[in-house]
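S.K.: I have a structure here, written as structure tokens, and I will follow up with some questions on it.
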Amino acid sequence: MDLPSLITRHEVALSLGILALMLVGFTRERLPPSGIGVIGAAAFVALGFVGETEMLAVFSNGAAIAIGAMLVLSAALVRTGTLEALAGRVLALAKTRPVTAVILVLGVALVASAFVNSTPVVVILIPLVASLATAIGSGAKKLLIPLSYVAILGGSCTLIGTSTNLLVDSIARAEGLPGLGIFDISGVGLVAAAAGIAFLALGGRILLPVGKGGGGGAASEDEEAAILTECRIGEGFPALGKPWSKANFLSHRGVRLLRITRAGQRLDPEDEQTLVAEKDRVVMRVTAPELATLMRVPGLVLGLRVRRAIGEPLETARITVAAESAAVGVRLAEAHFLSRFAVSVIGVRRRRNLAGPDLATLVVRPGDRLWVQGTADQIAGIGSDPWLILSSGPPAKPFLRDRALIALLVLAGVITAAALGAVPLAAGAIIGIGVLFALGSLDTADAWSALNADVLVLIYAMLVVGTGLQNTGAVDAVVTAAIPLLETLSPFGIVLVVYALTSVLTETVTNNAVAVIMTPLVIELATSLGIAPTALVVTVMFAASGSFATPIGYQTNTLVHIAGNYRFAEFLRVGIPMKLVVGVVTCIAIDLWFVG
């Protein structure tokens with residue numbers, strides 16, 4: 001028997017064997033999931049289980065295009081400072097009503113994750129939650145896990161809340177099902193979210209770990225806003241003559257006011273009688289994006305020893321002071337490079353502790369990172385000093401806060417148009433991106449960097465694998481073997497079994513891969529057992545996203561795991577009962593909405 005005939009004869013066993021090896025690869029994590037997916041897809045193509053035309057056809061999959069486009073739309077909310085602004089409002093509320101602020105920030109995570117990628121939402125809220133934990137006298141560990149769980153629950157409330165939901169729906173449509181609208185699963189999602197939040201409120205006091213966390217990445221607000229800068233108020237500043245409390249740039253989350261002085265006298269910014277005047281000086285600690293944003297504020301003159309050539313364009317660069325530099329040990333105002341290169345120092349950041357008290361009196365230390373501004377020739381001159389090391393990376397970009405409303409309106413328009421069926425989600429999202437580009441609310445660099453290549457490659461690779469499993473009859477073989485075990489169960493029992501199997505897999509295998517494997521299986525299974533296929537498709541959606549038990553099953557879990565310095569067992573202690581409660585309630589809701 002020749003090799004092609006042998007492969008054809010055993011194609012079911014071979015395809016299931018490849019799938020099993022992929023699952024082992026996913027769990028061992030020797031390669032990223034996208035790499036394992038590509039290897040598996042390549043094996044199916046090499047063995048002839050997927051033809052060239054079928055392989056290329058997966059790249060026209062609407063779900064993958066929609067996922068990428070929604071990631072870009074999410075980036076617009078970050079770039080315009082929309083999410084930062086929400087976080088800033090919550091932080092302001094925390095000063096007077098910290099418990100209310102905690103409830104509000106979890107509510108923001110829940111709602112925002114239903115419509116945009118939850119990862120940037122959680123990244124922005126992690127330091128805020130850490131600060132709120134301090135404000136209410138609780139450890140950050142009590143709040144960071146709930147932050148991730150609430151974001152997961154929010155993402156399950158709409159079809160566009162997670163890439164998994166879109167992917168499952170796309171596969172279901174390819175299998176001949178009518179597909180789901182954006183809010184068709186919202187009823188189940190809201191019930192599941194209510195159950196999860198109730199569990200955290202009642203059981204969290206006992207099961208959530210106690211501790212400050214922050215061992216691996218939960219920077220406090222002070223550590224995040226660690227660049228020392230100062231500015232002088234000049235002609236044309238928008239808030240001239242208004243109370244200092246109305247100066248908008250001081251209210252942003254990434255700005256920490258240290259002091260305001262006038263002619264050497266300290267001012268009280270909370271006093272409504274203290275008005276902004278020219279030559280007032282402000283000392284702050286800021287984040288890198290906020291520093292870049294302050295450069296764009298008219299009438300705000302940043303930095304120390306401002307010496308600018310009129311009419312020449314200015315550039316910004318970051319330099320690191322080497323231990324051998326002549327600037328080490330002297331005050332920054334007296335540093336040699338200020339006179340040699342006539343640049344302005346607009347910010348200083350120091351590792352492990354905070355620089356200060358202001359730019360002029362700061363004593364330079366080895367390793368200090370300085371943000372400098374000057375002409376191209378001046379920056380090039382600094383680069384020629386062997387003890388002032390120019391950074392190779394690009395400086396942070398400013399927030400486009402004047403474009404925030406545009407970003408929100410575009411996102412709302414895309415969601416509304418897709419929900420009403422006026423335009424498919426993928427097409428609507430592409431149109432939305434075009435509008436953002438045209439109106440200057442997003443640039444191409446930010447848009448394309450938001451496209452998570454690992455996620456998109458994994459999706460395409462697993463679509464090839466799914467096609468191969470269908471072509472070889474592996475799906476039919478698994479369904480045929482499962483029917484005798486499940487035909488005695490009620491529809492609710494079948495929903496429970498499908499949820500449990502999918503849920504266990506998603507804790508160890510990436511959820512998008514599980515979704516591609518399980519969706520065609522449950523559709524065939526539902527057809528054979530005589531129950532509504534949509535019910536099991538929705539079950540896969542919720543089970544694949546409902547990763548609560550481990551820090552590796554979902555990206556937001558991984559983020560808070562690092563930020564809170566949790567032990568694996570701490571996740572298991574709260575995650576397993578959370579998973580059981582949410583799972584049972586979700587299955588009951590699916591049975592009522594889609595089966596009964």
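Ligands are numbered from 1 in the order shown, chains are lettered A, B, ... in the order of the structure tokens, and residues start at 1 in each chain.
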Once DSSP has gone over the backbone, tell me which residues of range 434-465 of chain A are in alpha helix (DSSP H), as a VMD selection string.
M.R.: chain A and resid 434 to 438 444 to 450 453 to 465
S.K.: Would you pick out the contacts of Glu175 in chain A at 12 Å or less, using only C-alpha atoms, so that residues sharing its chain but fewer than 4 positions from it are not included, and give the list as a list in words?
M.R.: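 Counting only the stated atoms, we get Val168, Asp169, Ser170, Ile171, Gly179, Gly466, Thr467, Gln470, Thr519, Pro520, Leu521, Val522, Ile523, Glu524, Thr527, Pro533, Thr534 and Val537 of chain A.
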S.K.: Mind the document's chain letters and residue numbers, and return as a VMD selection string the residues of range 365-396 of chain A that DSSP labels strand (DSSP E or B).
M.R.: chain A and resid 369 to 374 388 to 390
S.K.: Write to file, as an mmCIF file, in the first residue's frame, the residues of the selection just made, with N, CA and C atoms.
M.R.:
data_model
loop_
_atom_site.group_PDB
_atom_site.id
_atom_site.type_symbol
_atom_site.label_atom_id
_atom_site.label_comp_id
_atom_site.auth_asym_id
_atom_site.auth_seq_id
_atom_site.Cartn_x
_atom_site.Cartn_y
_atom_site.Cartn_z
ATOM 1 N N ARG A 369 17.365 59.195 33.901
ATOM 2 C CA ARG A 369 16.882 59.345 32.522
ATOM 3 C C ARG A 369 16.305 60.742 32.375
ATOM 4 N N LEU A 370 16.812 61.471 31.388
ATOM 5 C CA LEU A 370 16.410 62.855 31.171
ATOM 6 C C LEU A 370 15.668 62.991 29.848
ATOM 7 N N TRP A 371 14.561 63.721 29.887
ATOM 8 C CA TRP A 371 13.872 64.093 28.653
ATOM 9 C C TRP A 371 14.350 65.489 28.279
ATOM 10 N N VAL A 372 14.939 65.640 27.090
ATOM 11 C CA VAL A 372 15.487 66.925 26.666
ATOM 12 C C VAL A 372 14.816 67.355 25.373
ATOM 13 N N GLN A 373 14.796 68.677 25.153
ATOM 14 C CA GLN A 373 14.159 69.233 23.974
ATOM 15 C C GLN A 373 15.103 70.253 23.346
ATOM 16 N N GLY A 374 15.220 70.198 22.046
ATOM 17 C CA GLY A 374 16.089 71.128 21.341
ATOM 18 C C GLY A 374 15.991 70.925 19.852
ATOM 19 N N LEU A 388 26.481 60.551 27.730
ATOM 20 C CA LEU A 388 25.053 60.863 27.678
ATOM 21 C C LEU A 388 24.455 59.983 26.590
ATOM 22 N N ILE A 389 23.800 58.928 26.991
ATOM 23 C CA ILE A 389 23.387 57.871 26.060
ATOM 24 C C ILE A 389 21.978 58.149 25.554
ATOM 25 N N LEU A 390 21.869 58.395 24.262
ATOM 26 C CA LEU A 390 20.570 58.645 23.655
ATOM 27 C C LEU A 390 19.759 57.357 23.588
#
S.K.: Applying 10 Å and only C-alpha atoms, which residues near Leu83 in chain A remain after dropping the ones on its own chain fewer than 5 positions away? List them as a list in words.
M.R.: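 My reading of the contact set: Ser74, Ala76, Leu77, Val78, Gly88, Val108, Ala112, Pro120, Val121, Ile124, Leu125 and Ala404 of chain A.
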S.K.: Given the selection you just returned, output its residues as a file containing C-alpha atoms, formatted as an mmCIF file, in the first residue's frame.
M.R.:
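Once everything was written out, this is out.cif:
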data_model
loop_
_atom_site.group_PDB
_atom_site.id
_atom_site.type_symbol
_atom_site.label_atom_id
_atom_site.label_comp_id
_atom_site.auth_asym_id
_atom_site.auth_seq_id
_atom_site.Cartn_x
_atom_site.Cartn_y
_atom_site.Cartn_z
ATOM 1 C CA SER A 74 -10.104 50.021 21.144
ATOM 2 C CA ALA A 76 -8.432 54.845 19.590
ATOM 3 C CA LEU A 77 -9.998 55.028 23.053
ATOM 4 C CA VAL A 78 -6.526 54.636 24.585
ATOM 5 C CA GLY A 88 -9.175 60.000 36.487
ATOM 6 C CA VAL A 108 -16.474 50.755 34.238
ATOM 7 C CA ALA A 112 -16.204 48.879 28.804
ATOM 8 C CA PRO A 120 -6.210 47.808 27.672
ATOM 9 C CA VAL A 121 -9.125 48.413 30.040
ATOM 10 C CA ILE A 124 -5.236 51.143 32.700
ATOM 11 C CA LEU A 125 -7.332 50.223 35.734
ATOM 12 C CA ALA A 404 -11.989 61.708 22.388
#
S.K.: Taking a cut-off of 10 Å and counting only C-alpha atoms, can you build a table that, for each residue of range 296-383 of chain A near range 246-259 of chain A, reports the nearest atom pair and how far apart they are in Å (one decimal), sorted by chain then residue number, as JSON lines?
M.R.:
{"residue": "A:Val297", "atom": "CA", "partner": "A:Phe249", "partner_atom": "CA", "distance": 8.6}
{"residue": "A:Gly356", "atom": "CA", "partner": "A:Leu258", "partner_atom": "CA", "distance": 10.0}
{"residue": "A:Pro357", "atom": "CA", "partner": "A:Leu258", "partner_atom": "CA", "distance": 8.8}
{"residue": "A:Asp358", "atom": "CA", "partner": "A:Leu258", "partner_atom": "CA", "distance": 9.2}
S.K.: Write to file, as a PDB file, in the first residue's frame, the residues of the selection just made, with N, CA and C atoms.
M.R.:
ATOM      1  N   VAL A 297       0.248  71.940  25.124  1.00  0.00           N
ATOM      2  CA  VAL A 297      -0.646  72.914  25.752  1.00  0.00           C
ATOM      3  C   VAL A 297      -0.133  74.320  25.453  1.00  0.00           C
ATOM      4  N   GLY A 356      13.937  64.669  42.681  1.00  0.00           N
ATOM      5  CA  GLY A 356      13.364  65.894  43.216  1.00  0.00           C
ATOM      6  C   GLY A 356      14.396  66.713  43.969  1.00  0.00           C
ATOM      7  N   PRO A 357      13.950  67.824  44.613  1.00  0.00           N
ATOM      8  CA  PRO A 357      12.550  68.274  44.724  1.00  0.00           C
ATOM      9  C   PRO A 357      12.043  69.022  43.500  1.00  0.00           C
ATOM     10  N   ASP A 358      12.968  69.596  42.691  1.00  0.00           N
ATOM     11  CA  ASP A 358      12.576  70.236  41.436  1.00  0.00           C
ATOM     12  C   ASP A 358      13.738  70.087  40.477  1.00  0.00           C
TER      13      ASP A 358
END
S.K.: Can you build me a table of range 72-158 of chain A residues sitting at most 7 Å from range 203-211 of chain A, with the closest atom pair per residue and its distance in Å to one decimal, using only C-alpha atoms, sorted by chain and residue number, as a tab-separated table?
M.R.:
residue	atom	partner	partner_atom	distance
A:Gly139	CA	A:Gly211	CA	4.7
A:Ala140	CA	A:Gly211	CA	6.5
A:Lys141	CA	A:Gly211	CA	5.5
A:Lys142	CA	A:Leu208	CA	5.6
S.K.: Based on the selection just made, write C-alpha atoms of those residues as a tab-separated table (two decimals), in the first residue's frame.
M.R.:
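And here is the file that came out, part.tsv:
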chain	number	residue	atom	x	y	z
A	139	GLY	CA	-4.90	45.06	50.19
A	140	ALA	CA	-4.66	45.23	46.40
A	141	LYS	CA	-5.02	41.44	46.26
A	142	LYS	CA	-8.63	41.81	47.41
S.K.: I'd like the contact shell of range 429-444 of chain A - 10 Å cut-off, only C-alpha atoms, skipping same-chain residues fewer than 6 positions apart - returned as a VMD selection string.
M.R.: chain A and resid 65 to 73 75 to 80 399 to 407 409 to 415 417 to 418 423 450
S.K.: Could those selected residues go to a file with C-alpha atoms, as an mmCIF file, in the first residue's frame?
M.R.:
data_model
loop_
_atom_site.group_PDB
_atom_site.id
_atom_site.type_symbol
_atom_site.label_atom_id
_atom_site.label_comp_id
_atom_site.auth_asym_id
_atom_site.auth_seq_id
_atom_site.Cartn_x
_atom_site.Cartn_y
_atom_site.Cartn_z
ATOM 1 C CA ILE A 65 -11.285 40.761 10.275
ATOM 2 C CA ALA A 66 -13.820 42.076 12.786
ATOM 3 C CA ILE A 67 -11.577 41.085 15.714
ATOM 4 C CA GLY A 68 -8.619 42.961 14.247
ATOM 5 C CA ALA A 69 -10.737 46.004 13.438
ATOM 6 C CA MET A 70 -12.257 46.111 16.944
ATOM 7 C CA LEU A 71 -8.752 45.967 18.435
ATOM 8 C CA VAL A 72 -7.904 49.076 16.413
ATOM 9 C CA LEU A 73 -11.068 50.860 17.550
ATOM 10 C CA ALA A 75 -6.697 51.589 20.522
ATOM 11 C CA ALA A 76 -8.432 54.845 19.590
ATOM 12 C CA LEU A 77 -9.998 55.028 23.053
ATOM 13 C CA VAL A 78 -6.526 54.636 24.585
ATOM 14 C CA ARG A 79 -4.864 57.115 22.196
ATOM 15 C CA THR A 80 -7.448 59.823 22.807
ATOM 16 C CA PHE A 399 -2.966 61.989 24.229
ATOM 17 C CA LEU A 400 -5.320 63.331 21.575
ATOM 18 C CA ARG A 401 -7.900 64.449 24.106
ATOM 19 C CA ASP A 402 -9.620 66.849 21.721
ATOM 20 C CA ARG A 403 -10.495 63.813 19.570
ATOM 21 C CA ALA A 404 -11.989 61.708 22.388
ATOM 22 C CA LEU A 405 -15.609 62.495 21.499
ATOM 23 C CA ILE A 406 -14.955 61.486 17.896
ATOM 24 C CA ALA A 407 -13.566 58.120 18.984
ATOM 25 C CA LEU A 409 -19.059 58.464 18.503
ATOM 26 C CA VAL A 410 -17.347 56.274 15.909
ATOM 27 C CA LEU A 411 -17.359 53.251 18.224
ATOM 28 C CA ALA A 412 -21.020 53.864 19.121
ATOM 29 C CA GLY A 413 -21.877 54.220 15.432
ATOM 30 C CA VAL A 414 -20.181 50.943 14.500
ATOM 31 C CA ILE A 415 -21.943 49.052 17.301
ATOM 32 C CA ALA A 417 -25.082 49.941 12.783
ATOM 33 C CA ALA A 418 -24.094 46.316 13.357
ATOM 34 C CA VAL A 423 -23.928 46.883 7.911
ATOM 35 C CA ALA A 450 -2.937 47.346 18.192
#
S.K.: Give me the residues near Thr375 in chain A as a ChimeraX atom specification, where near means some atom within 7 Å (using only C-alpha atoms) and where sequence neighbours in that chain fewer than 4 positions away do not count.
M.R.: /A:312-315,379
S.K.: Can you tell me how far CA of Thr539 in chain A sits from CA of Thr586 in chain A, in Å to one decimal?
M.R.: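 So the answer is 8.2 Å.
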S.K.: Take CA of Leu294 in chain A and CA of Ala133 in chain A and report the distance between them in Å, one decimal.
M.R.: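 CA of Ala133 in chain A lies 29.1 Å from CA of Leu294 in chain A.
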S.K.: Excluding Asp385 in chain A and its own-chain neighbours fewer than 2 positions away, which residues fall within 12 Å of it when counting only C-alpha atoms? Please give them as a PyMOL selection string.
M.R.: chain A and resi 319-322+324-327+336-337+340-341+378-383+387-390
S.K.: How many Å lie between CA of Leu458 in chain A and CA of Gly51 in chain A, rounded to one decimal?
M.R.: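 Computed distance, CA of Leu458 in chain A to CA of Gly51 in chain A, equals 18.8 Å.
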S.K.: Report as a short mmCIF file (atom, residue, chain, number, x, y, z; two decimals) with C-alpha atoms, in the first residue's frame all protein, DNA and RNA residues lying within 7 Å of range 38-40 of chain A, evaluated on only C-alpha atoms, omitting residues in the same chain fewer than 3 positions from it.
M.R.:
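Contents of the output file around.cif:
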data_model
loop_
_atom_site.label_atom_id
_atom_site.label_comp_id
_atom_site.auth_asym_id
_atom_site.auth_seq_id
_atom_site.Cartn_x
_atom_site.Cartn_y
_atom_site.Cartn_z
CA ILE A 18 -2.35 15.96 15.40
CA MET A 22 -1.44 20.36 19.66
CA SER A 34 0.23 30.93 17.66
CA GLY A 35 3.34 28.85 16.91
CA ALA A 43 0.58 19.37 9.26
CA PHE A 44 -3.02 19.30 7.98
CA ALA A 461 -4.25 28.65 11.97
CA VAL A 465 -7.17 22.94 11.65
#
